[in-house]
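So this block is run_19.cif, mmCIF, C-alpha atoms and all ligand atoms:
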```cif
data_work
loop_
_atom_site.group_PDB
_atom_site.id
_atom_site.type_symbol
_atom_site.label_atom_id
_atom_site.label_comp_id
_atom_site.auth_asym_id
_atom_site.auth_seq_id
_atom_site.Cartn_x
_atom_site.Cartn_y
_atom_site.Cartn_z
ATOM 1 C CA MET A 1 52.423 65.006 -98.436
ATOM 2 C CA PRO A 2 54.329 62.202 -96.601
ATOM 3 C CA GLN A 3 52.057 60.515 -94.066
ATOM 4 C CA GLU A 4 54.300 61.314 -91.096
ATOM 5 C CA LEU A 5 54.171 65.051 -91.806
ATOM 6 C CA GLU A 6 50.404 64.832 -92.067
ATOM 7 C CA ILE A 7 50.271 63.118 -88.656
ATOM 8 C CA ASN A 8 52.562 65.735 -87.095
ATOM 9 C CA ARG A 9 50.368 68.507 -88.386
ATOM 10 C CA ASP A 10 47.249 66.755 -87.076
ATOM 11 C CA PHE A 11 48.947 66.334 -83.725
ATOM 12 C CA GLU A 12 49.780 70.046 -83.438
ATOM 13 C CA GLN A 13 46.245 70.986 -84.475
ATOM 14 C CA PHE A 14 44.786 68.490 -82.010
ATOM 15 C CA LYS A 15 46.920 69.933 -79.181
ATOM 16 C CA HIS A 16 45.686 73.375 -80.104
ATOM 17 C CA ASN A 17 42.039 72.226 -80.118
ATOM 18 C CA ILE A 18 42.395 70.550 -76.713
ATOM 19 C CA LYS A 19 43.933 73.684 -75.244
ATOM 20 C CA GLU A 20 41.006 75.766 -76.466
ATOM 21 C CA LEU A 21 38.305 73.268 -75.539
ATOM 22 C CA LEU A 22 39.528 72.064 -72.155
ATOM 23 C CA ASN A 23 41.725 74.936 -71.051
ATOM 24 C CA PHE A 24 44.493 72.377 -70.584
ATOM 25 C CA ASN A 25 47.857 73.700 -71.701
ATOM 26 C CA THR A 26 49.016 70.886 -73.974
ATOM 27 C CA PHE A 27 51.973 72.946 -75.237
ATOM 28 C CA GLN A 28 53.720 72.720 -71.864
ATOM 29 C CA TYR A 29 53.726 68.920 -71.807
ATOM 30 C CA LYS A 30 56.280 66.716 -73.578
ATOM 31 C CA ASP A 31 55.029 65.579 -77.003
ATOM 32 C CA THR A 32 56.166 61.991 -76.436
ATOM 33 C CA TYR A 33 54.102 61.876 -73.258
ATOM 34 C CA LEU A 34 50.974 63.440 -74.794
ATOM 35 C CA GLY A 35 51.250 61.235 -77.903
ATOM 36 C CA ARG A 36 51.164 58.105 -75.712
ATOM 37 C CA ARG A 37 48.179 59.362 -73.691
ATOM 38 C CA PHE A 38 46.181 60.407 -76.761
ATOM 39 C CA ALA A 39 46.968 57.096 -78.501
ATOM 40 C CA SER A 40 45.501 55.235 -75.554
ATOM 41 C CA ARG A 41 42.119 56.997 -76.015
ATOM 42 C CA LEU A 42 42.216 56.469 -79.810
ATOM 43 C CA ARG A 43 42.839 52.748 -79.266
ATOM 44 C CA ALA A 44 39.985 52.514 -76.758
ATOM 45 C CA LEU A 45 37.614 54.000 -79.355
ATOM 46 C CA HIS A 46 39.087 52.035 -82.300
ATOM 47 C CA LEU A 47 40.029 55.237 -84.121
ATOM 48 C CA ASP A 48 43.038 55.886 -86.372
ATOM 49 C CA THR A 49 43.299 59.663 -86.645
ATOM 50 C CA TYR A 50 43.230 62.708 -84.390
ATOM 51 C CA HIS A 51 40.751 64.213 -86.802
ATOM 52 C CA ASP A 52 38.219 61.399 -86.195
ATOM 53 C CA TYR A 53 38.807 61.596 -82.460
ATOM 54 C CA TRP A 54 38.247 65.338 -82.469
ATOM 55 C CA GLN A 55 34.849 64.888 -84.184
ATOM 56 C CA ILE A 56 33.725 62.791 -81.200
ATOM 57 C CA LEU A 57 35.522 64.683 -78.480
ATOM 58 C CA LYS A 58 34.285 68.180 -79.230
ATOM 59 C CA ASN A 59 30.653 67.271 -78.403
ATOM 60 C CA ASP A 60 31.102 64.574 -75.792
ATOM 61 C CA ALA A 61 31.584 65.803 -72.223
ATOM 62 C CA LYS A 62 32.161 62.254 -70.909
ATOM 63 C CA GLU A 63 34.966 61.650 -73.395
ATOM 64 C CA GLN A 64 36.470 65.031 -72.524
ATOM 65 C CA GLU A 65 36.584 63.927 -68.916
ATOM 66 C CA LYS A 66 38.173 60.607 -69.907
ATOM 67 C CA LEU A 67 40.858 62.375 -71.929
ATOM 68 C CA LEU A 68 41.673 64.674 -69.015
ATOM 69 C CA GLN A 69 41.912 61.636 -66.736
ATOM 70 C CA GLU A 70 44.245 60.029 -69.247
ATOM 71 C CA VAL A 71 46.658 62.961 -69.448
ATOM 72 C CA THR A 72 46.789 63.642 -65.710
ATOM 73 C CA ILE A 73 48.233 60.450 -64.318
ATOM 74 C CA ASN A 74 47.204 60.201 -60.683
ATOM 75 C CA VAL A 75 49.238 57.272 -59.392
ATOM 76 C CA THR A 76 50.301 57.854 -55.812
ATOM 77 C CA GLU A 77 50.799 55.997 -52.528
ATOM 78 C CA PHE A 78 51.053 56.686 -48.846
ATOM 79 C CA PHE A 79 54.751 57.063 -47.972
ATOM 80 C CA ARG A 80 55.744 56.594 -51.609
ATOM 81 C CA ASP A 81 59.505 55.833 -51.731
ATOM 82 C CA ALA A 82 59.891 54.967 -48.039
ATOM 83 C CA PRO A 83 63.581 56.061 -47.680
ATOM 84 C CA VAL A 84 62.563 59.701 -48.373
ATOM 85 C CA TRP A 85 60.103 59.526 -45.509
ATOM 86 C CA ASP A 86 62.811 58.127 -43.206
ATOM 87 C CA VAL A 87 64.865 61.272 -43.801
ATOM 88 C CA LEU A 88 61.807 63.488 -43.360
ATOM 89 C CA PHE A 89 60.857 61.751 -40.113
ATOM 90 C CA ASN A 90 64.326 61.591 -38.557
ATOM 91 C CA ASP A 91 65.871 64.786 -39.840
ATOM 92 C CA VAL A 92 63.920 67.326 -41.913
ATOM 93 C CA VAL A 93 60.758 67.562 -39.811
ATOM 94 C CA PRO A 94 62.569 67.689 -36.415
ATOM 95 C CA THR A 95 64.800 70.439 -37.879
ATOM 96 C CA LEU A 96 61.777 72.462 -38.980
ATOM 97 C CA ILE A 97 60.061 72.040 -35.618
ATOM 98 C CA ARG A 98 63.235 73.225 -33.855
ATOM 99 C CA GLU A 99 63.908 76.178 -36.190
ATOM 100 C CA ARG A 100 60.423 77.524 -36.896
ATOM 101 C CA GLN A 101 58.642 79.521 -34.212
ATOM 102 C CA GLY A 102 55.212 79.954 -35.859
ATOM 103 C CA LYS A 103 53.163 77.573 -37.951
ATOM 104 C CA ILE A 104 55.044 75.231 -40.257
ATOM 105 C CA ARG A 105 53.528 75.584 -43.741
ATOM 106 C CA ILE A 106 53.727 72.665 -46.145
ATOM 107 C CA TRP A 107 52.652 72.373 -49.794
ATOM 108 C CA SER A 108 52.034 69.136 -51.650
ATOM 109 C CA ALA A 109 52.025 70.381 -55.270
ATOM 110 C CA GLY A 110 50.303 67.850 -57.538
ATOM 111 C CA SER A 111 48.768 66.120 -54.542
ATOM 112 C CA SER A 112 46.592 63.644 -56.484
ATOM 113 C CA ASP A 113 44.141 61.988 -54.070
ATOM 114 C CA GLY A 114 45.923 63.369 -51.005
ATOM 115 C CA LYS A 115 48.099 60.477 -49.840
ATOM 116 C CA GLU A 116 51.299 62.573 -49.888
ATOM 117 C CA ALA A 117 49.712 65.385 -47.832
ATOM 118 C CA TYR A 118 48.295 62.940 -45.273
ATOM 119 C CA SER A 119 51.612 61.071 -45.070
ATOM 120 C CA ILE A 120 53.419 64.202 -43.922
ATOM 121 C CA ALA A 121 50.527 65.018 -41.558
ATOM 122 C CA MET A 122 50.925 61.590 -39.933
ATOM 123 C CA ILE A 123 54.675 62.104 -39.507
ATOM 124 C CA LEU A 124 54.070 65.443 -37.829
ATOM 125 C CA ALA A 125 51.339 63.964 -35.615
ATOM 126 C CA ASN A 126 53.755 61.238 -34.587
ATOM 127 C CA ILE A 127 56.424 63.750 -33.563
ATOM 128 C CA LEU A 128 54.286 66.598 -32.193
ATOM 129 C CA GLY A 129 51.293 64.671 -30.887
ATOM 130 C CA GLU A 130 47.818 65.113 -32.322
ATOM 131 C CA ASN A 131 46.914 68.070 -30.069
ATOM 132 C CA GLU A 132 49.854 70.161 -31.181
ATOM 133 C CA LEU A 133 49.392 69.225 -34.844
ATOM 134 C CA PHE A 134 46.674 71.749 -35.567
ATOM 135 C CA ASN A 135 48.435 74.558 -33.629
ATOM 136 C CA ARG A 136 51.788 74.123 -35.326
ATOM 137 C CA VAL A 137 51.070 72.911 -38.840
ATOM 138 C CA GLU A 138 49.222 73.885 -42.011
ATOM 139 C CA ILE A 139 49.314 71.566 -45.028
ATOM 140 C CA ILE A 140 47.927 72.437 -48.448
ATOM 141 C CA GLY A 141 47.504 69.949 -51.283
ATOM 142 C CA THR A 142 46.878 71.292 -54.798
ATOM 143 C CA ASP A 143 46.004 69.644 -58.090
ATOM 144 C CA ILE A 144 44.140 70.239 -61.359
ATOM 145 C CA ASP A 145 42.135 67.033 -61.123
ATOM 146 C CA ARG A 146 38.869 67.873 -59.354
ATOM 147 C CA ASP A 147 37.914 64.222 -58.741
ATOM 148 C CA CYS A 148 41.225 63.712 -56.991
ATOM 149 C CA LEU A 149 40.711 66.849 -54.918
ATOM 150 C CA ASN A 150 37.258 65.650 -53.833
ATOM 151 C CA HIS A 151 38.635 62.243 -52.935
ATOM 152 C CA ALA A 152 41.473 63.860 -50.992
ATOM 153 C CA THR A 153 39.078 66.065 -49.037
ATOM 154 C CA VAL A 154 36.937 63.072 -48.016
ATOM 155 C CA GLY A 155 40.071 61.115 -47.082
ATOM 156 C CA ASN A 156 38.549 57.686 -47.507
ATOM 157 C CA TYR A 157 40.722 55.043 -49.192
ATOM 158 C CA LEU A 158 40.124 51.483 -50.289
ATOM 159 C CA SER A 159 42.740 48.833 -49.766
ATOM 160 C CA HIS A 160 43.159 46.289 -52.531
ATOM 161 C CA PRO A 161 44.758 43.231 -50.965
ATOM 162 C CA GLY A 162 46.764 41.308 -53.506
ATOM 163 C CA LEU A 163 47.751 44.326 -55.543
ATOM 164 C CA ILE A 164 51.142 45.005 -54.040
ATOM 165 C CA GLN A 165 51.271 48.528 -55.503
ATOM 166 C CA THR A 166 48.127 49.707 -53.821
ATOM 167 C CA ASP A 167 47.854 47.418 -50.840
ATOM 168 C CA MET A 168 47.252 49.890 -48.052
ATOM 169 C CA LYS A 169 48.678 47.716 -45.299
ATOM 170 C CA LYS A 170 51.985 47.550 -47.129
ATOM 171 C CA GLN A 171 52.067 51.304 -47.741
ATOM 172 C CA LEU A 172 51.263 51.969 -44.114
ATOM 173 C CA ASN A 173 54.063 49.715 -42.829
ATOM 174 C CA PHE A 174 55.972 52.935 -42.367
ATOM 175 C CA ILE A 175 53.836 54.077 -39.440
ATOM 176 C CA LYS A 176 53.408 50.617 -37.851
ATOM 177 C CA THR A 177 50.132 51.552 -36.130
ATOM 178 C CA PRO A 178 47.776 52.748 -38.904
ATOM 179 C CA GLU A 179 44.775 52.457 -36.553
ATOM 180 C CA LYS A 180 46.137 55.532 -34.732
ATOM 181 C CA TYR A 181 45.512 57.644 -37.842
ATOM 182 C CA PHE A 182 42.705 55.812 -39.653
ATOM 183 C CA ASP A 183 39.318 54.399 -38.792
ATOM 184 C CA ILE A 184 39.682 51.029 -40.482
ATOM 185 C CA ILE A 185 36.521 49.183 -41.423
ATOM 186 C CA GLY A 186 37.187 46.122 -43.542
ATOM 187 C CA ASP A 187 38.978 47.331 -46.662
ATOM 188 C CA THR A 188 38.176 50.981 -46.031
ATOM 189 C CA PHE A 189 40.627 53.380 -44.446
ATOM 190 C CA GLN A 190 39.148 56.686 -43.312
ATOM 191 C CA VAL A 191 41.703 59.326 -42.274
ATOM 192 C CA LYS A 192 40.886 60.440 -38.720
ATOM 193 C CA HIS A 193 39.594 63.911 -38.002
ATOM 194 C CA ALA A 194 42.714 64.972 -36.073
ATOM 195 C CA ILE A 195 44.941 64.223 -39.082
ATOM 196 C CA LYS A 196 42.574 65.913 -41.523
ATOM 197 C CA THR A 197 42.135 69.130 -39.561
ATOM 198 C CA PRO A 198 45.406 70.861 -40.551
ATOM 199 C CA VAL A 199 45.167 69.623 -44.155
ATOM 200 C CA SER A 200 43.200 71.317 -46.950
ATOM 201 C CA PHE A 201 43.006 70.800 -50.695
ATOM 202 C CA GLN A 202 42.441 73.298 -53.450
ATOM 203 C CA TYR A 203 42.398 73.567 -57.227
ATOM 204 C CA HIS A 204 45.629 75.067 -58.536
ATOM 205 C CA ASP A 205 47.278 74.797 -61.947
ATOM 206 C CA LEU A 206 51.053 74.876 -61.568
ATOM 207 C CA ILE A 207 51.363 76.178 -65.122
ATOM 208 C CA SER A 208 48.898 79.062 -65.159
ATOM 209 C CA GLY A 209 47.744 79.470 -61.548
ATOM 210 C CA PRO A 210 48.699 82.316 -59.198
ATOM 211 C CA LYS A 211 52.089 82.025 -57.497
ATOM 212 C CA LYS A 212 52.153 80.693 -53.949
ATOM 213 C CA TYR A 213 54.430 81.791 -51.099
ATOM 214 C CA HIS A 214 55.607 81.255 -47.501
ATOM 215 C CA PHE A 215 56.125 77.510 -47.344
ATOM 216 C CA ASP A 216 58.726 75.801 -45.147
ATOM 217 C CA LEU A 217 58.513 72.485 -46.969
ATOM 218 C CA ILE A 218 57.374 71.825 -50.534
ATOM 219 C CA PHE A 219 56.765 68.469 -52.184
ATOM 220 C CA CYS A 220 56.559 68.369 -55.948
ATOM 221 C CA ARG A 221 57.083 64.734 -56.854
ATOM 222 C CA ASN A 222 56.256 62.878 -60.036
ATOM 223 C CA VAL A 223 54.441 65.849 -61.549
ATOM 224 C CA VAL A 224 56.918 67.855 -63.653
ATOM 225 C CA ILE A 225 58.360 64.775 -65.409
ATOM 226 C CA TYR A 226 55.582 65.220 -67.972
ATOM 227 C CA PHE A 227 56.424 68.904 -68.596
ATOM 228 C CA THR A 228 58.896 70.408 -71.061
ATOM 229 C CA ARG A 229 62.372 71.199 -69.741
ATOM 230 C CA GLN A 230 61.770 74.948 -70.098
ATOM 231 C CA LEU A 231 58.657 74.747 -67.965
ATOM 232 C CA GLN A 232 60.430 72.574 -65.380
ATOM 233 C CA GLU A 233 63.045 75.309 -64.969
ATOM 234 C CA VAL A 234 60.347 77.968 -64.498
ATOM 235 C CA LEU A 235 58.519 75.854 -61.912
ATOM 236 C CA TYR A 236 61.680 75.109 -59.924
ATOM 237 C CA LYS A 237 62.273 78.863 -59.721
ATOM 238 C CA ASP A 238 58.650 79.299 -58.575
ATOM 239 C CA PHE A 239 59.209 76.742 -55.818
ATOM 240 C CA TYR A 240 62.398 78.538 -54.778
ATOM 241 C CA ASN A 241 60.431 81.793 -54.482
ATOM 242 C CA ALA A 242 57.643 80.029 -52.601
ATOM 243 C CA LEU A 243 59.998 78.780 -49.882
ATOM 244 C CA THR A 244 60.901 80.608 -46.682
ATOM 245 C CA PRO A 245 64.674 81.009 -46.050
ATOM 246 C CA GLY A 246 66.212 77.599 -45.337
ATOM 247 C CA GLY A 247 63.025 75.849 -46.484
ATOM 248 C CA PHE A 248 63.113 72.336 -47.939
ATOM 249 C CA PHE A 249 62.142 71.122 -51.405
ATOM 250 C CA VAL A 250 61.437 67.440 -52.099
ATOM 251 C CA MET A 251 61.468 66.154 -55.693
ATOM 252 C CA GLY A 252 60.509 62.806 -57.211
ATOM 253 C CA LYS A 253 63.043 59.974 -57.148
ATOM 254 C CA THR A 254 63.731 60.196 -60.889
ATOM 255 C CA GLU A 255 63.684 63.999 -61.190
ATOM 256 C CA THR A 256 66.580 66.460 -61.346
ATOM 257 C CA LEU A 257 66.932 70.228 -61.156
ATOM 258 C CA VAL A 258 67.557 71.767 -64.572
ATOM 259 C CA GLY A 259 69.270 74.898 -65.912
ATOM 260 C CA GLU A 260 69.664 77.884 -63.597
ATOM 261 C CA SER A 261 67.446 76.304 -60.949
ATOM 262 C CA ARG A 262 70.458 74.119 -60.037
ATOM 263 C CA ASP A 263 72.132 77.155 -58.435
ATOM 264 C CA LEU A 264 69.132 78.037 -56.296
ATOM 265 C CA PHE A 265 69.182 75.014 -54.028
ATOM 266 C CA ILE A 266 71.761 73.248 -51.865
ATOM 267 C CA PRO A 267 71.544 69.437 -52.005
ATOM 268 C CA TYR A 268 70.496 68.309 -48.527
ATOM 269 C CA ASN A 269 70.129 64.620 -49.242
ATOM 270 C CA LEU A 270 70.895 64.035 -52.903
ATOM 271 C CA ASN A 271 69.982 60.366 -52.839
ATOM 272 C CA GLU A 272 66.478 61.118 -51.626
ATOM 273 C CA ARG A 273 66.179 64.269 -53.754
ATOM 274 C CA ILE A 274 65.805 66.638 -50.821
ATOM 275 C CA PHE A 275 67.103 70.195 -51.345
ATOM 276 C CA LYS A 276 67.370 73.299 -49.206
ATOM 277 C CA LYS A 277 66.772 76.865 -50.322
ATOM 278 C CA ARG A 278 70.152 78.541 -50.784
HETATM 279 C C1 LIG A 301 51.629 61.002 -60.573
HETATM 280 S S1 LIG A 301 50.683 62.121 -59.604
HETATM 281 C C2 LIG A 301 51.829 62.464 -58.297
HETATM 282 C C3 LIG A 301 51.195 62.441 -56.935
HETATM 283 C C4 LIG A 301 52.152 62.594 -55.761
HETATM 284 N N1 LIG A 301 52.843 63.860 -55.822
HETATM 285 C C5 LIG A 301 53.136 61.469 -55.726
HETATM 286 O O1 LIG A 301 54.314 61.639 -56.057
HETATM 287 O O2 LIG A 301 52.725 60.357 -55.351
HETATM 288 C C6 LIG A 301 50.728 63.615 -60.599
HETATM 289 C C7 LIG A 301 49.649 64.605 -60.238
HETATM 290 O O3 LIG A 301 49.976 65.860 -60.845
HETATM 291 C C8 LIG A 301 48.780 66.478 -61.241
HETATM 292 N N2 LIG A 301 49.056 67.507 -62.270
HETATM 293 C C9 LIG A 301 49.325 67.342 -63.598
HETATM 294 N N3 LIG A 301 49.468 68.526 -64.213
HETATM 295 C C10 LIG A 301 49.288 69.477 -63.238
HETATM 296 C C11 LIG A 301 49.299 70.900 -63.249
HETATM 297 N N4 LIG A 301 49.517 71.575 -64.370
HETATM 298 N N5 LIG A 301 49.066 71.557 -62.073
HETATM 299 C C12 LIG A 301 48.831 70.860 -60.927
HETATM 300 N N6 LIG A 301 48.807 69.516 -60.858
HETATM 301 C C13 LIG A 301 49.030 68.825 -62.000
HETATM 302 C C14 LIG A 301 47.940 65.324 -61.762
HETATM 303 O O4 LIG A 301 46.565 65.648 -61.788
HETATM 304 C C15 LIG A 301 48.277 64.223 -60.754
HETATM 305 O O5 LIG A 301 47.349 64.153 -59.712
#
```
Represent the supplied structure as structure tokens.
Ligand SMILES: C[S@@+](CC[C@H](N)C(=O)[O-])C[C@H]1O[C@@H](n2cnc3c(N)ncnc32)[C@H](O)[C@@H]1O
Amino acid sequence: MPQELEINRDFEQFKHNIKELLNFNTFQYKDTYLGRRFASRLRALHLDTYHDYWQILKNDAKEQEKLLQEVTINVTEFFRDAPVWDVLFNDVVPTLIRERQGKIRIWSAGSSDGKEAYSIAMILANILGENELFNRVEIIGTDIDRDCLNHATVGNYLSHPGLIQTDMKKQLNFIKTPEKYFDIIGDTFQVKHAIKTPVSFQYHDLISGPKKYHFDLIFCRNVVIYFTRQLQEVLYKDFYNALTPGGFFVMGKTETLVGESRDLFIPYNLNERIFKKR
């Protein structure tokens, strides 16, 4: 049998094994993406075949954890893609506050370590004031990575000066006065109680988890890029159903609506990938 065919068959079998072992639905992710993530673990262990890797993986809980970490990329930032947050601050959030009588419900789907959820909490605190924040707002962050969820719940972040990508001070330029929202001790930024109070985090798998409803604003950014196009379409429909009438949906900078989901939303700010429920 040609070697490439052999590898393809191994790959399919390996995906199947992972799904069974880790309850992680490999068949909903793009093969090119999974192939790159798996290869990274094989390289780290100096292995050449999925078969050899499987022999180690099936009995090694630590390696199973490492593989899960590898396939769920957690990169995130406070106020990631600043221009989106400008539109949220100056337009979307004031509109919601004006139009919604009861609590404004917000969902950060694929929330990683919570920076997206806290970013929107800080914007709301800035506009409403900290006292009103808890009365008027409920923010839920969901993810399948339990370490990230724990980190998010604690809300304690380390700045890494010198690493532009993660340098907290740079990320927090957006709010000018980070000390209003964080207790800052050296390199450690602890989100203040008032900002944390309306925010909660929970385990939720976008692929197989129960459907969610009644949100006025949904973020799903830099999560579905790793999923197949068919699944993306299903999830965009789920988000449509999860929104209240006139609710807003914010996608990642490089993401686009696909298939029938394109008819469900009205572009609100196409450049910043903000859509409104039709
Ligand atoms: C790159 S981060 C994006 C974080 C944040 N939304 C942002 O844009 O900065 C992607 C997150 O999606 C999560 N994720 C991957 N597959 C998921 C799934 N099936 N259900 C829920 N979350 C998932 C990962 O664990 C990871 O934390």
- Ground truth for the PyMOL selection byres (((not hetatm)) within 8 of (chain A and resi 301)), written as a ChimeraX atom specification: /A:25,69,71-78,80,108-116,142-145,148,203-208,219-224,226,252
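You will find CA of Tyr53 in chain A at 13.6 Å from CA of Leu21 in chain A.
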- Task: Apply the PyMOL selection byres (((chain A and resi 213-215) around 10) and not hetatm) to the file shown and report the selected residues as a PyMOL selection string.
- Result: chain A and resi 103-107+138-140+210-212+216-218+238-245+247-249
Write the residues you've just listed into a file as a PDB file, in the coordinates of the input, and include C-alpha atoms for each of them.
```
ATOM      1  CA  LYS A 103      53.163  77.573 -37.951  1.00  0.00           C
ATOM      2  CA  ILE A 104      55.044  75.231 -40.257  1.00  0.00           C
ATOM      3  CA  ARG A 105      53.528  75.584 -43.741  1.00  0.00           C
ATOM      4  CA  ILE A 106      53.727  72.665 -46.145  1.00  0.00           C
ATOM      5  CA  TRP A 107      52.652  72.373 -49.794  1.00  0.00           C
ATOM      6  CA  GLU A 138      49.222  73.885 -42.011  1.00  0.00           C
ATOM      7  CA  ILE A 139      49.314  71.566 -45.028  1.00  0.00           C
ATOM      8  CA  ILE A 140      47.927  72.437 -48.448  1.00  0.00           C
ATOM      9  CA  PRO A 210      48.699  82.316 -59.198  1.00  0.00           C
ATOM     10  CA  LYS A 211      52.089  82.025 -57.497  1.00  0.00           C
ATOM     11  CA  LYS A 212      52.153  80.693 -53.949  1.00  0.00           C
ATOM     12  CA  ASP A 216      58.726  75.801 -45.147  1.00  0.00           C
ATOM     13  CA  LEU A 217      58.513  72.485 -46.969  1.00  0.00           C
ATOM     14  CA  ILE A 218      57.374  71.825 -50.534  1.00  0.00           C
ATOM     15  CA  ASP A 238      58.650  79.299 -58.575  1.00  0.00           C
ATOM     16  CA  PHE A 239      59.209  76.742 -55.818  1.00  0.00           C
ATOM     17  CA  TYR A 240      62.398  78.538 -54.778  1.00  0.00           C
ATOM     18  CA  ASN A 241      60.431  81.793 -54.482  1.00  0.00           C
ATOM     19  CA  ALA A 242      57.643  80.029 -52.601  1.00  0.00           C
ATOM     20  CA  LEU A 243      59.998  78.780 -49.882  1.00  0.00           C
ATOM     21  CA  THR A 244      60.901  80.608 -46.682  1.00  0.00           C
ATOM     22  CA  PRO A 245      64.674  81.009 -46.050  1.00  0.00           C
ATOM     23  CA  GLY A 247      63.025  75.849 -46.484  1.00  0.00           C
ATOM     24  CA  PHE A 248      63.113  72.336 -47.939  1.00  0.00           C
ATOM     25  CA  PHE A 249      62.142  71.122 -51.405  1.00  0.00           C
TER      26      PHE A 249
END
```
- List every protein, DNA or RNA residue that has at least one atom no more than 12 Å from (70.7, 65.5, -48.5) in the file's coordinates, counting all atoms listed in the file, and write the result as number ranges by chain. A: 83-84, 87-88, 91-92, 248-251, 265-276
Step by step, work through what the PyMOL selection byres (((chain A and resi 156) around 6) and not hetatm) selects in the shown file, and finish by giving those residues as an mmCIF file with C-alpha atoms, in the coordinates of the input.
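And here is the file that came out, selection_7.cif:
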```cif
data_model
loop_
_atom_site.group_PDB
_atom_site.id
_atom_site.type_symbol
_atom_site.label_atom_id
_atom_site.label_comp_id
_atom_site.auth_asym_id
_atom_site.auth_seq_id
_atom_site.Cartn_x
_atom_site.Cartn_y
_atom_site.Cartn_z
ATOM 1 C CA VAL A 154 36.937 63.072 -48.016
ATOM 2 C CA GLY A 155 40.071 61.115 -47.082
ATOM 3 C CA TYR A 157 40.722 55.043 -49.192
ATOM 4 C CA PHE A 189 40.627 53.380 -44.446
ATOM 5 C CA GLN A 190 39.148 56.686 -43.312
#
```
- Message: Using only C-alpha atoms - which residues lie no farther than 12 Å from the point (50.3, 70.3, -73.3) in the file's frame? Write them as number ranges by chain.
- Response: A: 11-20, 22-35, 37-38, 68, 71-72, 207, 224, 226-228, 231
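For the set A:Ile185, A:Asn135, A:Ile123, A:Val191, the residue with the smallest atom-to-atom gap to His151 in chain A is A:Val191, counting only C-alpha atoms.
For the atom pair formed by CA of Ala82 in chain A and CA of Thr197 in chain A, the distance is 24.2 Å, given to one decimal.
Between Phe174 in chain A and the candidates A:Met122, A:Val199, A:Ala117, A:Ala61, the tightest atom-to-atom separation, counting all atoms listed in the file, involves A:Met122.
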- One-decimal distance in Å that lies between CA of Leu235 in chain A and CA of Ser261 in chain A: 9.0 Å
Write out as AutoDock Vina command-line options an axis-aligned box for range 173-178 of chain A: all of its atoms listed in the file, 3 Å added on each side, centre and edge lengths in Å with one decimal.
```
--center_x 51.9 --center_y 51.9 --center_z -39.5 --size_x 14.2 --size_y 10.4 --size_z 12.7
```
- Within 9 Å of Leu264 in chain A, counting all atoms listed in the file, which residues show up once you throw out same-chain ones fewer than 4 positions away? Write them as a PyMOL selection string, please. chain A and resi 236-237+240+260+276-278
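With distances restricted to only C-alpha atoms, A:Pro94 is the closest residue to Ile127 in chain A from A:Gly246, A:Pro178, A:Pro198, A:Pro94.
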- Message: Here is a test: counting only C-alpha atoms, which residue of A:Lys196, A:Arg100, A:Lys169, A:Arg229 is nearest to Gly141 in chain A?
- Response: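 The closest residue to Gly141 in chain A is A:Lys196.
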